[in-house]
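Reading through the structure tokens given below for one structure.
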Amino acid sequence: MNREKLIEKTFFLIACSALFLLALITVFIFKEGIGIFLKIGFAKFIFSPDWAPSQKQFGLFSMIMGSVWITIGALIIGVPLSLSVSIFLAEFCPKKIARILKPAIELLAGIPSVVYGFIGVVILAPLIREYLGGPGLSVLAGSMVLAIMILPTVISISLDALHAVPKSYLEGSLALGATRWQSVYMVIIPAARSGIIASVILGMGRAVGETMAVIMVSGNAVRIPHSILEPVRTLTSNIALELGYATGMHREALFGTGMVLFVIIMILNTAAYVFTKRKVRK
Amino acid sequence: MGRSMCLPIIGEPVRMAQGEHMGSPLRGNIMDIRMQIKDLSLWYGQFHALKNINMEIAENRITALIGPSGCGKSTLLRTLNRMNDIIDGVKISGRIFLDNKDIYQENIGLTELRKKIGMVFQHPNPFPLSIYENLTYGLRIHNIGEKSIWDEKIEKCLRDAWLWDDVKDKLHSSALDLSLDQKQKLCIARLIIIEPEVILMDEPCSTLDPIATMKIEELMNTLKKDYTIVIVTHNMQQAARVSDYSGFLLLGELIEFDDTNNIFTAPRDKRTEDYITGRFG
């Protein structure tokens with residue numbers, strides 16, 4: 001076999017190993033977690049709000065609602081912010097400023113999540129406790145911290161979508177006498193719509209999956225929240241907090257939690273993939 | 001030429017007799033001048049792209065700009081509706097008058113200007129919206145008319161652009177599903193619905209096949225009744241077929257500007273002759 005072929009094959013095998021690892025993880029999670037579904041039933045595991053491992057009560061509904069609340073909160077705060085930034089960067093920002101802003105935003109993605117959590121605990125939670133009431137560690141704190149954490153994801157992907165819009169649309173619109181903002185609002189954003197939706201979905205995936213910062217700032221109480229000032233526990237927090245000492249059925253229930261998360265993330269990523277494939281038509 | 005010459009009494013078409021005209025090398029008379037370019041120079045950064053251009057655009061006529069690639073003809077066209085403004089590092093000197101008003105004055109309304117001077121691009125660029133939304137786009141941004149008269153306007157502009165029969169049953173389907181020449185016609189319809197006065201066309205047929213090109217050329221001929229048209233083309237036959245006046249540009253200079261007939265049958269400059277006889281370019 002000649003050299004080229006050998007190198008090609010080697011790289012192919014290495015690439016396959018990544019896929020193999022993914023398959024391994026999937027199989028492992030499902031093998032460890034499937035037991036709990038069989039023992040207490042799918043519906044009870046998902047829809048029962050009672051989680052009391054010591055009394056053999058395993059219901060994920062509080063955690064699912066916790067994840068839903070925090071994620072929606074993060075999107076409500078984070079998406080308008082991210083999209084404003086990416087629209088500004090793509091359409092209005094002078095090149096000089098963009099050269100500073102873009103790397104700065106990408107840097108946000110590099111900050112360890114424990115640092116975000118730390119800032120949330122030290123600054124955000126006390127502020128919420130003082131001015132809005134409640135314990136401070138709450139849905140609101142979690143959502144605000146997550147909103148910042150999803151910025152780089154949503155911004156960079158929606159920015160790519162906006163940049164992919166052919167320049168000729170902008171020119172055509174300006175040449176008709178439209179202002180810059182009219183062009184952006186009426187032509188460019190609709191043209192980039194699917195990419196923008198994909199960016200929001202991927203941001204959502206990031207918010208659902210985040211663990212450390214959420215554990216630190218959202219209080220982790222196992223109950224369905226009735227206000228944004230109440231503490232909640234998310235699916236991810238549930239695993240991280242209890243895995244250290246869980247055995248037997250409890251351990252299976254945590255892997256079951258992992259399965260639920262896995263499925264949610266799969267659905268979100270597939271949706272995002274479908275949307276990015278529906279690119280701007282030229 | 002004194003300044004009074006380029007700022008004649010408003011409302012009165014500028015009339016110039018032969019010989020009076022020193023700024024440009026035009027031999028014949030242009031009767032009703034719609035636009036006037038005076039000592040126009042343009043730089044892209046350090047690159048001197050247009051050098052001291054002087055010419056007139058006649059009303060209800062087709063003026064063609066010809067020349068080899070990179071000679072500045074598109075750049076010149078884009079100075080007429082200030083589309084070069086969106087490019088970084090462009091510097092312009094000189095004046096361009098539309099109806100005796102300098103369009104490079106500080107206080108000119110850019111949106112108003114571009115509504116008056118519309119543009120058709122080389123690559124048909126309908127927006128990724130429905131045919132209907134493409135046509136109402138100009139009406140919406142300029143707040144023209146009530147919605148109730150839009151349908152009427154749409155039908156008229158589509159008929160004027162010879163597109164009505166092709167699209168009347170699918171106004172709400174995507175404009176991107178049209179064929180190339182239908183797209184280009186839609187771009188023309190989208191323009192004339194807001195009733196511009198001047199239409200700039202930047203190689204409007206270069207992506208079209210010969211039959212579609214012929215249709216667009218015929219369309220231009222009917223449009224010139226109502227509109228003043230400036231077309232950039234590197235297709236000399238096209239310039240000869242459709243235009244009334246032609247300007248030949250080379251390396252940023254307007255070498256010759258004259259009646260199209262003169263340009264193609266009796267060019268005065270050697271370089272024009274070499275170009276139209278195909279010796280270079």
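By order in the structure tokens, chains are A, B, ...; within a chain, residues start at 1; ligands start at 1, following the order shown.
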Neighbours of chain B in chain A at 7 Å, counting only C-alpha atoms, as a list of chain:residue names: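 Interface list for chain A against chain B: A:Ser168, A:Tyr169, A:Gly172, A:Ala175, A:Leu176, A:Gly177, A:Ala178, A:Thr179, A:Val187, A:Ala191.
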Which residue of A:Pro152, A:Gly66, A:Gly203, A:Pro135 approaches Asn238 in chain A most closely, using only C-alpha atoms: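 Using only C-alpha atoms, Asn238 in chain A sits closest to A:Gly66.
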Just list as a short mmCIF file (atom, residue, chain, number, x, y, z; two decimals) with N, CA, C and O atoms, in the first residue's frame whatever in range 84-262 of chain A DSSP marks as alpha helix (DSSP H).
data_model
loop_
_atom_site.label_atom_id
_atom_site.label_comp_id
_atom_site.auth_asym_id
_atom_site.auth_seq_id
_atom_site.Cartn_x
_atom_site.Cartn_y
_atom_site.Cartn_z
N SER A 84 -29.44 41.38 18.82
CA SER A 84 -29.09 42.79 18.62
C SER A 84 -27.61 42.91 18.33
O SER A 84 -27.19 43.66 17.45
N VAL A 85 -26.81 42.18 19.12
CA VAL A 85 -25.36 42.27 18.91
C VAL A 85 -24.99 41.79 17.51
O VAL A 85 -24.24 42.45 16.80
N SER A 86 -25.56 40.64 17.09
CA SER A 86 -25.11 40.13 15.80
C SER A 86 -25.63 40.99 14.65
O SER A 86 -24.93 41.19 13.66
N ILE A 87 -26.83 41.55 14.78
CA ILE A 87 -27.32 42.45 13.73
C ILE A 87 -26.45 43.69 13.67
O ILE A 87 -26.06 44.16 12.60
N LYS A 95 -15.96 48.64 10.78
CA LYS A 95 -15.03 47.50 10.79
C LYS A 95 -14.08 47.52 11.98
O LYS A 95 -13.79 46.50 12.58
N LYS A 96 -13.61 48.73 12.31
CA LYS A 96 -12.63 48.84 13.41
C LYS A 96 -13.20 48.31 14.71
O LYS A 96 -12.56 47.56 15.43
N ILE A 97 -14.44 48.70 15.00
CA ILE A 97 -15.07 48.27 16.25
C ILE A 97 -15.36 46.77 16.20
O ILE A 97 -15.17 46.06 17.19
N ALA A 98 -15.77 46.28 15.04
CA ALA A 98 -16.05 44.86 14.91
C ALA A 98 -14.81 44.03 15.22
O ALA A 98 -14.89 42.95 15.79
N ARG A 99 -13.67 44.57 14.82
CA ARG A 99 -12.42 43.82 15.05
C ARG A 99 -12.13 43.65 16.53
O ARG A 99 -11.41 42.75 16.93
N ILE A 100 -12.64 44.54 17.36
CA ILE A 100 -12.45 44.39 18.80
C ILE A 100 -13.60 43.59 19.41
O ILE A 100 -13.39 42.71 20.23
N LEU A 101 -14.82 43.90 18.96
CA LEU A 101 -16.00 43.28 19.56
C LEU A 101 -16.07 41.77 19.36
O LEU A 101 -16.38 41.03 20.28
N LYS A 102 -15.78 41.34 18.14
CA LYS A 102 -15.97 39.92 17.85
C LYS A 102 -15.09 39.01 18.70
O LYS A 102 -15.58 38.07 19.32
N PRO A 103 -13.78 39.28 18.74
CA PRO A 103 -12.95 38.43 19.62
C PRO A 103 -13.38 38.52 21.07
O PRO A 103 -13.32 37.52 21.80
N ALA A 104 -13.83 39.70 21.49
CA ALA A 104 -14.25 39.85 22.89
C ALA A 104 -15.43 38.93 23.17
O ALA A 104 -15.49 38.29 24.22
N ILE A 105 -16.36 38.86 22.23
CA ILE A 105 -17.53 38.00 22.43
C ILE A 105 -17.12 36.53 22.41
O ILE A 105 -17.59 35.72 23.21
N GLU A 106 -16.18 36.20 21.51
CA GLU A 106 -15.73 34.81 21.47
C GLU A 106 -15.02 34.43 22.76
O GLU A 106 -15.05 33.28 23.20
N LEU A 107 -14.39 35.44 23.37
CA LEU A 107 -13.71 35.19 24.64
C LEU A 107 -14.69 34.76 25.73
O LEU A 107 -14.36 33.96 26.61
N LEU A 108 -15.91 35.29 25.65
CA LEU A 108 -16.95 34.91 26.63
C LEU A 108 -17.11 33.39 26.69
O LEU A 108 -17.35 32.83 27.75
N ALA A 109 -16.98 32.75 25.52
CA ALA A 109 -17.16 31.30 25.46
C ALA A 109 -16.04 30.58 26.18
O ALA A 109 -16.19 29.44 26.61
N GLY A 110 -14.89 31.25 26.31
CA GLY A 110 -13.74 30.59 26.91
C GLY A 110 -13.69 30.70 28.42
O GLY A 110 -12.87 30.04 29.06
N SER A 113 -17.22 27.90 33.29
CA SER A 113 -18.57 28.17 33.79
C SER A 113 -18.58 28.41 35.29
O SER A 113 -19.43 29.12 35.81
N VAL A 114 -17.60 27.85 35.99
CA VAL A 114 -17.57 28.05 37.44
C VAL A 114 -17.35 29.54 37.76
O VAL A 114 -17.83 30.04 38.78
N VAL A 115 -16.68 30.23 36.86
CA VAL A 115 -16.46 31.66 37.08
C VAL A 115 -17.77 32.43 36.95
O VAL A 115 -18.09 33.31 37.76
N TYR A 116 -18.54 32.06 35.93
CA TYR A 116 -19.87 32.67 35.80
C TYR A 116 -20.70 32.40 37.05
O TYR A 116 -21.37 33.28 37.58
N GLY A 117 -20.65 31.15 37.50
CA GLY A 117 -21.41 30.76 38.68
C GLY A 117 -20.97 31.57 39.89
O GLY A 117 -21.78 32.08 40.67
N PHE A 118 -19.69 31.73 40.02
CA PHE A 118 -19.11 32.46 41.15
C PHE A 118 -19.61 33.90 41.17
O PHE A 118 -20.08 34.42 42.19
N ILE A 119 -19.54 34.53 40.00
CA ILE A 119 -20.02 35.91 39.90
C ILE A 119 -21.51 35.98 40.23
O ILE A 119 -21.98 36.88 40.93
N ALA A 125 -26.99 37.01 43.07
CA ALA A 125 -27.94 36.46 44.04
C ALA A 125 -28.24 37.47 45.17
O ALA A 125 -29.41 37.69 45.50
N PRO A 126 -27.22 38.10 45.75
CA PRO A 126 -27.52 39.10 46.79
C PRO A 126 -28.37 40.25 46.27
O PRO A 126 -29.26 40.74 46.98
N LEU A 127 -28.10 40.68 45.05
CA LEU A 127 -28.88 41.78 44.49
C LEU A 127 -30.35 41.39 44.36
O LEU A 127 -31.25 42.16 44.71
N ILE A 128 -30.59 40.17 43.86
CA ILE A 128 -31.97 39.71 43.70
C ILE A 128 -32.64 39.59 45.06
O ILE A 128 -33.78 40.02 45.26
N ARG A 129 -31.91 39.03 46.03
CA ARG A 129 -32.47 38.86 47.37
C ARG A 129 -32.86 40.21 47.97
O ARG A 129 -33.92 40.39 48.54
N GLU A 130 -31.99 41.17 47.77
CA GLU A 130 -32.20 42.47 48.38
C GLU A 130 -33.34 43.25 47.71
O GLU A 130 -34.18 43.84 48.38
N TYR A 131 -33.33 43.25 46.38
CA TYR A 131 -34.27 44.14 45.68
C TYR A 131 -35.56 43.48 45.27
O TYR A 131 -36.58 44.12 45.11
N VAL A 139 -34.59 30.90 39.97
CA VAL A 139 -34.76 30.79 38.52
C VAL A 139 -34.15 32.02 37.84
O VAL A 139 -33.42 31.92 36.86
N LEU A 140 -34.46 33.19 38.38
CA LEU A 140 -34.02 34.44 37.76
C LEU A 140 -32.50 34.50 37.68
O LEU A 140 -31.92 34.80 36.63
N ALA A 141 -31.83 34.17 38.82
CA ALA A 141 -30.38 34.21 38.83
C ALA A 141 -29.81 33.23 37.80
O ALA A 141 -28.90 33.57 37.03
N GLY A 142 -30.39 32.01 37.78
CA GLY A 142 -29.93 31.01 36.83
C GLY A 142 -30.10 31.47 35.40
O GLY A 142 -29.20 31.35 34.57
N SER A 143 -31.28 32.04 35.11
CA SER A 143 -31.55 32.48 33.75
C SER A 143 -30.61 33.60 33.32
O SER A 143 -30.14 33.63 32.18
N MET A 144 -30.34 34.52 34.27
CA MET A 144 -29.48 35.64 33.90
C MET A 144 -28.06 35.17 33.60
O MET A 144 -27.43 35.59 32.63
N VAL A 145 -27.57 34.28 34.46
CA VAL A 145 -26.21 33.77 34.22
C VAL A 145 -26.16 32.98 32.91
O VAL A 145 -25.26 33.17 32.09
N LEU A 146 -27.18 32.14 32.69
CA LEU A 146 -27.20 31.36 31.45
C LEU A 146 -27.35 32.25 30.22
O LEU A 146 -26.78 31.97 29.16
N ALA A 147 -28.10 33.33 30.37
CA ALA A 147 -28.29 34.25 29.24
C ALA A 147 -26.93 34.76 28.75
O ALA A 147 -26.67 34.83 27.55
N ILE A 148 -26.06 35.08 29.72
CA ILE A 148 -24.72 35.54 29.33
C ILE A 148 -23.94 34.40 28.68
O ILE A 148 -23.22 34.58 27.70
N MET A 149 -24.14 33.19 29.24
CA MET A 149 -23.35 32.07 28.74
C MET A 149 -23.74 31.63 27.33
O MET A 149 -22.92 31.07 26.61
N ILE A 150 -25.00 31.85 26.95
CA ILE A 150 -25.38 31.45 25.60
C ILE A 150 -25.07 32.53 24.56
O ILE A 150 -25.16 32.28 23.36
N LEU A 151 -24.69 33.72 25.01
CA LEU A 151 -24.40 34.81 24.06
C LEU A 151 -23.44 34.40 22.94
O LEU A 151 -23.76 34.56 21.78
N PRO A 152 -22.25 33.86 23.30
CA PRO A 152 -21.30 33.58 22.21
C PRO A 152 -21.85 32.59 21.19
O PRO A 152 -21.65 32.79 19.99
N THR A 153 -22.58 31.56 21.66
CA THR A 153 -23.14 30.58 20.73
C THR A 153 -24.13 31.25 19.78
O THR A 153 -24.01 31.16 18.55
N VAL A 154 -25.11 31.93 20.37
CA VAL A 154 -26.16 32.51 19.54
C VAL A 154 -25.58 33.59 18.62
O VAL A 154 -25.91 33.66 17.43
N ILE A 155 -24.69 34.42 19.17
CA ILE A 155 -24.14 35.51 18.35
C ILE A 155 -23.35 34.95 17.18
O ILE A 155 -23.56 35.34 16.03
N SER A 156 -22.43 34.01 17.45
CA SER A 156 -21.55 33.61 16.34
C SER A 156 -22.33 32.88 15.25
O SER A 156 -22.08 33.09 14.07
N ILE A 157 -23.33 32.07 15.64
CA ILE A 157 -24.06 31.35 14.60
C ILE A 157 -25.02 32.26 13.84
O ILE A 157 -25.11 32.19 12.61
N SER A 158 -25.68 33.17 14.55
CA SER A 158 -26.59 34.07 13.81
C SER A 158 -25.78 35.06 12.97
O SER A 158 -26.22 35.48 11.90
N LEU A 159 -24.59 35.40 13.45
CA LEU A 159 -23.72 36.28 12.66
C LEU A 159 -23.31 35.61 11.35
O LEU A 159 -23.35 36.23 10.29
N ASP A 160 -22.97 34.33 11.45
CA ASP A 160 -22.65 33.58 10.21
C ASP A 160 -23.84 33.61 9.26
O ASP A 160 -23.68 33.79 8.05
N ALA A 161 -25.04 33.43 9.82
CA ALA A 161 -26.24 33.42 8.98
C ALA A 161 -26.43 34.77 8.29
O ALA A 161 -26.75 34.84 7.11
N LEU A 162 -26.21 35.85 9.04
CA LEU A 162 -26.39 37.18 8.46
C LEU A 162 -25.32 37.46 7.40
O LEU A 162 -25.60 38.04 6.36
N HIS A 163 -24.08 37.02 7.69
CA HIS A 163 -23.01 37.24 6.71
C HIS A 163 -23.25 36.43 5.43
O HIS A 163 -22.75 36.79 4.37
N LYS A 167 -24.76 39.93 -0.60
CA LYS A 167 -24.66 41.38 -0.56
C LYS A 167 -25.66 42.04 -1.52
O LYS A 167 -26.09 43.17 -1.33
N SER A 168 -26.01 41.30 -2.58
CA SER A 168 -26.88 41.88 -3.60
C SER A 168 -28.27 42.22 -3.05
O SER A 168 -28.92 43.11 -3.56
N TYR A 169 -28.70 41.52 -2.01
CA TYR A 169 -29.99 41.87 -1.41
C TYR A 169 -29.94 43.26 -0.80
O TYR A 169 -30.85 44.07 -0.97
N LEU A 170 -28.85 43.51 -0.06
CA LEU A 170 -28.70 44.83 0.56
C LEU A 170 -28.63 45.91 -0.51
O LEU A 170 -29.30 46.94 -0.43
N GLU A 171 -27.82 45.65 -1.53
CA GLU A 171 -27.68 46.63 -2.60
C GLU A 171 -29.01 46.90 -3.29
O GLU A 171 -29.37 48.06 -3.53
N GLY A 172 -29.73 45.82 -3.59
CA GLY A 172 -31.02 45.97 -4.25
C GLY A 172 -31.98 46.82 -3.43
O GLY A 172 -32.68 47.67 -3.95
N SER A 173 -31.94 46.57 -2.13
CA SER A 173 -32.85 47.29 -1.26
C SER A 173 -32.46 48.76 -1.12
O SER A 173 -33.29 49.65 -1.23
N LEU A 174 -31.17 49.00 -0.92
CA LEU A 174 -30.70 50.39 -0.82
C LEU A 174 -30.98 51.15 -2.11
O LEU A 174 -31.37 52.31 -2.10
N ALA A 175 -30.79 50.45 -3.24
CA ALA A 175 -30.99 51.11 -4.53
C ALA A 175 -32.45 51.47 -4.76
O ALA A 175 -32.75 52.33 -5.58
N ARG A 180 -30.95 51.82 5.67
CA ARG A 180 -30.21 50.65 6.12
C ARG A 180 -31.07 49.74 7.01
O ARG A 180 -31.12 48.53 6.82
N TRP A 181 -31.76 50.37 7.94
CA TRP A 181 -32.55 49.58 8.89
C TRP A 181 -33.71 48.90 8.19
O TRP A 181 -34.02 47.73 8.45
N GLN A 182 -34.37 49.61 7.26
CA GLN A 182 -35.45 48.97 6.50
C GLN A 182 -34.93 47.75 5.76
O GLN A 182 -35.57 46.70 5.73
N SER A 183 -33.76 47.89 5.16
CA SER A 183 -33.18 46.76 4.41
C SER A 183 -32.91 45.58 5.33
O SER A 183 -33.21 44.44 5.00
N ILE A 189 -32.89 40.11 7.49
CA ILE A 189 -33.27 39.20 8.58
C ILE A 189 -34.18 38.08 8.06
O ILE A 189 -33.94 36.91 8.36
N PRO A 190 -35.21 38.40 7.25
CA PRO A 190 -35.99 37.28 6.69
C PRO A 190 -35.12 36.30 5.88
O PRO A 190 -35.33 35.10 5.95
N ALA A 191 -34.13 36.82 5.17
CA ALA A 191 -33.28 35.94 4.37
C ALA A 191 -32.44 35.04 5.26
O ALA A 191 -32.12 33.91 4.90
N ARG A 193 -33.34 33.99 8.19
CA ARG A 193 -34.20 33.48 9.25
C ARG A 193 -33.84 32.08 9.74
O ARG A 193 -33.72 31.84 10.93
N SER A 194 -33.62 31.14 8.80
CA SER A 194 -33.40 29.78 9.27
C SER A 194 -32.11 29.66 10.08
O SER A 194 -32.08 28.96 11.09
N GLY A 195 -31.08 30.38 9.67
CA GLY A 195 -29.83 30.36 10.44
C GLY A 195 -30.01 30.99 11.82
O GLY A 195 -29.43 30.52 12.79
N ILE A 196 -30.82 32.02 11.87
CA ILE A 196 -31.06 32.68 13.16
C ILE A 196 -31.82 31.74 14.09
O ILE A 196 -31.50 31.61 15.27
N ILE A 197 -32.82 31.06 13.53
CA ILE A 197 -33.57 30.09 14.34
C ILE A 197 -32.63 28.99 14.84
O ILE A 197 -32.65 28.61 16.02
N ALA A 198 -31.76 28.51 13.95
CA ALA A 198 -30.79 27.49 14.36
C ALA A 198 -29.93 27.98 15.51
O ALA A 198 -29.64 27.24 16.45
N SER A 199 -29.51 29.25 15.45
CA SER A 199 -28.65 29.78 16.51
C SER A 199 -29.38 29.79 17.84
O SER A 199 -28.80 29.48 18.89
N VAL A 200 -30.67 30.11 17.81
CA VAL A 200 -31.45 30.14 19.04
C VAL A 200 -31.60 28.72 19.60
O VAL A 200 -31.47 28.50 20.80
N ILE A 201 -31.83 27.76 18.70
CA ILE A 201 -32.00 26.38 19.16
C ILE A 201 -30.70 25.86 19.78
O ILE A 201 -30.70 25.20 20.83
N LEU A 202 -29.57 26.18 19.15
CA LEU A 202 -28.30 25.73 19.71
C LEU A 202 -28.02 26.41 21.05
O LEU A 202 -27.48 25.79 21.97
N GLY A 203 -28.41 27.67 21.16
CA GLY A 203 -28.29 28.37 22.44
C GLY A 203 -29.13 27.68 23.49
O GLY A 203 -28.71 27.52 24.65
N MET A 204 -30.31 27.23 23.08
CA MET A 204 -31.19 26.52 23.99
C MET A 204 -30.52 25.23 24.47
O MET A 204 -30.54 24.91 25.66
N GLY A 205 -29.89 24.53 23.53
CA GLY A 205 -29.19 23.30 23.89
C GLY A 205 -28.10 23.57 24.91
O GLY A 205 -27.91 22.82 25.87
N ARG A 206 -27.40 24.66 24.70
CA ARG A 206 -26.33 25.04 25.61
C ARG A 206 -26.90 25.32 27.00
O ARG A 206 -26.34 24.92 28.01
N ALA A 207 -28.04 26.02 27.02
CA ALA A 207 -28.66 26.37 28.31
C ALA A 207 -29.16 25.12 29.04
O ALA A 207 -28.99 24.99 30.25
N VAL A 208 -29.75 24.21 28.30
CA VAL A 208 -30.26 22.98 28.93
C VAL A 208 -29.11 22.17 29.51
O VAL A 208 -29.21 21.59 30.58
N GLY A 209 -27.98 22.16 28.79
CA GLY A 209 -26.88 21.29 29.20
C GLY A 209 -25.96 21.87 30.25
O GLY A 209 -25.20 21.14 30.87
N MET A 212 -22.53 23.50 35.97
CA MET A 212 -21.82 24.07 37.12
C MET A 212 -22.43 25.40 37.57
O MET A 212 -22.80 25.58 38.73
N ALA A 213 -22.54 26.33 36.60
CA ALA A 213 -23.03 27.65 36.95
C ALA A 213 -24.45 27.57 37.50
O ALA A 213 -24.80 28.29 38.45
N VAL A 214 -25.23 26.66 36.93
CA VAL A 214 -26.62 26.55 37.35
C VAL A 214 -26.72 26.00 38.78
O VAL A 214 -27.51 26.48 39.59
N ILE A 215 -25.89 25.01 39.07
CA ILE A 215 -25.88 24.49 40.45
C ILE A 215 -25.58 25.60 41.44
O ILE A 215 -26.20 25.73 42.49
N MET A 216 -24.61 26.45 41.06
CA MET A 216 -24.16 27.47 42.00
C MET A 216 -25.21 28.55 42.25
O MET A 216 -25.31 29.06 43.36
N VAL A 217 -25.99 28.91 41.23
CA VAL A 217 -26.85 30.08 41.41
C VAL A 217 -28.34 29.82 41.52
O VAL A 217 -29.10 30.73 41.82
N LEU A 235 -32.24 19.28 35.50
CA LEU A 235 -31.85 17.89 35.24
C LEU A 235 -30.36 17.71 35.41
O LEU A 235 -29.89 16.74 36.04
N THR A 236 -29.59 18.64 34.86
CA THR A 236 -28.13 18.51 34.94
C THR A 236 -27.67 18.61 36.39
O THR A 236 -26.84 17.81 36.83
N SER A 237 -28.22 19.57 37.13
CA SER A 237 -27.81 19.73 38.53
C SER A 237 -28.10 18.45 39.30
O SER A 237 -27.32 18.03 40.15
N ASN A 238 -29.24 17.86 39.00
CA ASN A 238 -29.66 16.66 39.72
C ASN A 238 -28.59 15.58 39.63
O ASN A 238 -28.22 14.97 40.64
N ILE A 239 -28.08 15.37 38.42
CA ILE A 239 -27.06 14.34 38.25
C ILE A 239 -25.79 14.72 39.01
O ILE A 239 -25.25 13.95 39.79
N ALA A 240 -25.34 15.95 38.78
CA ALA A 240 -24.06 16.36 39.36
C ALA A 240 -24.10 16.35 40.88
O ALA A 240 -23.13 15.98 41.53
N LEU A 241 -25.24 16.74 41.46
CA LEU A 241 -25.31 16.84 42.91
C LEU A 241 -25.35 15.48 43.60
O LEU A 241 -24.84 15.32 44.69
N GLU A 242 -25.97 14.50 42.95
CA GLU A 242 -26.23 13.25 43.68
C GLU A 242 -25.41 12.05 43.23
O GLU A 242 -25.37 11.05 43.92
N GLY A 248 -27.41 1.71 43.54
CA GLY A 248 -28.60 0.94 43.22
C GLY A 248 -29.59 1.69 42.35
O GLY A 248 -29.24 2.29 41.34
N MET A 249 -30.85 1.66 42.79
CA MET A 249 -31.92 2.28 42.02
C MET A 249 -31.70 3.78 41.85
O MET A 249 -31.99 4.37 40.82
N HIS A 250 -31.18 4.42 42.89
CA HIS A 250 -30.91 5.85 42.86
C HIS A 250 -29.95 6.17 41.71
O HIS A 250 -30.17 7.10 40.94
N ARG A 251 -28.90 5.31 41.60
CA ARG A 251 -27.92 5.51 40.55
C ARG A 251 -28.57 5.33 39.18
O ARG A 251 -28.34 6.12 38.25
N GLU A 252 -29.43 4.32 39.08
CA GLU A 252 -30.15 4.10 37.82
C GLU A 252 -31.01 5.31 37.47
O GLU A 252 -31.09 5.74 36.31
N ALA A 253 -31.65 5.88 38.50
CA ALA A 253 -32.52 7.03 38.27
C ALA A 253 -31.73 8.21 37.72
O ALA A 253 -32.21 8.98 36.89
N LEU A 254 -30.47 8.36 38.21
CA LEU A 254 -29.64 9.46 37.71
C LEU A 254 -29.23 9.23 36.27
O LEU A 254 -29.21 10.16 35.46
N PHE A 255 -28.93 7.97 35.95
CA PHE A 255 -28.64 7.67 34.54
C PHE A 255 -29.89 7.88 33.69
O PHE A 255 -29.81 8.33 32.55
N GLY A 256 -31.05 7.56 34.29
CA GLY A 256 -32.31 7.84 33.59
C GLY A 256 -32.45 9.33 33.30
O GLY A 256 -32.89 9.74 32.23
N THR A 257 -32.04 10.15 34.28
CA THR A 257 -32.04 11.60 34.08
C THR A 257 -31.16 11.96 32.89
O THR A 257 -31.52 12.78 32.05
N GLY A 258 -30.02 11.29 32.86
CA GLY A 258 -29.09 11.51 31.75
C GLY A 258 -29.73 11.17 30.40
O GLY A 258 -29.55 11.89 29.43
N MET A 259 -30.51 10.06 30.40
CA MET A 259 -31.19 9.68 29.16
C MET A 259 -32.15 10.75 28.70
O MET A 259 -32.21 11.10 27.51
N VAL A 260 -32.91 11.29 29.65
CA VAL A 260 -33.88 12.34 29.31
C VAL A 260 -33.14 13.54 28.69
O VAL A 260 -33.53 14.07 27.65
N LEU A 261 -32.05 13.93 29.35
CA LEU A 261 -31.25 15.05 28.85
C LEU A 261 -30.72 14.77 27.45
O LEU A 261 -30.77 15.62 26.56
N PHE A 262 -30.23 13.56 27.31
CA PHE A 262 -29.65 13.13 26.04
C PHE A 262 -30.67 13.28 24.91
O PHE A 262 -30.38 13.83 23.85
#
Contacts of Asp166 in chain B within 10 Å, only C-alpha atoms, excl. fewer than 6 positions in-chain, as a PyMOL selection string: chain B and resi 158-159+178+182
With N, CA, C and O atoms retained, could you export that selection as a PDB file, in the first residue's frame?
ATOM      1  N   LEU B 158     -46.269  45.044 -13.680  1.00  0.00           N
ATOM      2  CA  LEU B 158     -45.932  43.733 -14.246  1.00  0.00           C
ATOM      3  C   LEU B 158     -46.226  43.698 -15.738  1.00  0.00           C
ATOM      4  O   LEU B 158     -45.488  43.098 -16.521  1.00  0.00           O
ATOM      5  N   ARG B 159     -47.300  44.358 -16.136  1.00  0.00           N
ATOM      6  CA  ARG B 159     -47.581  44.436 -17.575  1.00  0.00           C
ATOM      7  C   ARG B 159     -46.493  45.243 -18.283  1.00  0.00           C
ATOM      8  O   ARG B 159     -46.016  44.864 -19.354  1.00  0.00           O
ATOM      9  N   LEU B 178     -38.485  31.884 -10.015  1.00  0.00           N
ATOM     10  CA  LEU B 178     -38.618  32.350 -11.400  1.00  0.00           C
ATOM     11  C   LEU B 178     -37.351  32.029 -12.190  1.00  0.00           C
ATOM     12  O   LEU B 178     -36.287  31.790 -11.623  1.00  0.00           O
ATOM     13  N   GLN B 182     -36.992  36.120 -16.023  1.00  0.00           N
ATOM     14  CA  GLN B 182     -38.174  36.570 -15.273  1.00  0.00           C
ATOM     15  C   GLN B 182     -37.763  37.324 -14.017  1.00  0.00           C
ATOM     16  O   GLN B 182     -38.367  38.327 -13.645  1.00  0.00           O
TER      17      GLN B 182
END
Shell of 12 Å around Ile216 in chain B, only C-alpha atoms, local chain residues under 2 positions omitted, as an NGL selection string: :B and (120 or 160-163 or 180-189 or 201 or 203-214 or 218-223 or 231 or 238 or 242)
Exercise: Val230 in chain B partners within 8 Å, only C-alpha atoms, chain neighbours under 4 positions left out, as JSON, numbers by chain: {"B": [57, 62, 63, 64, 65, 77, 198, 199, 200, 201]}
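Between CA of Ile263 in chain B and CA of Phe97 in chain B the separation is 24.6 Å.
Across range 30-165 of chain A, DSSP run on the backbone finds strand (DSSP E) at Trp51, Ala52, Gln57 and Phe58 of chain A.
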Given only C-alpha atoms as the counted atoms, nearest of A:Ile224, A:Leu13, A:Lys5, A:Glu210 to Ala74 in chain A: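 Going through A:Ile224, A:Leu13, A:Lys5, A:Glu210 one by one, the smallest distance to Ala74 in chain A is for A:Glu210.
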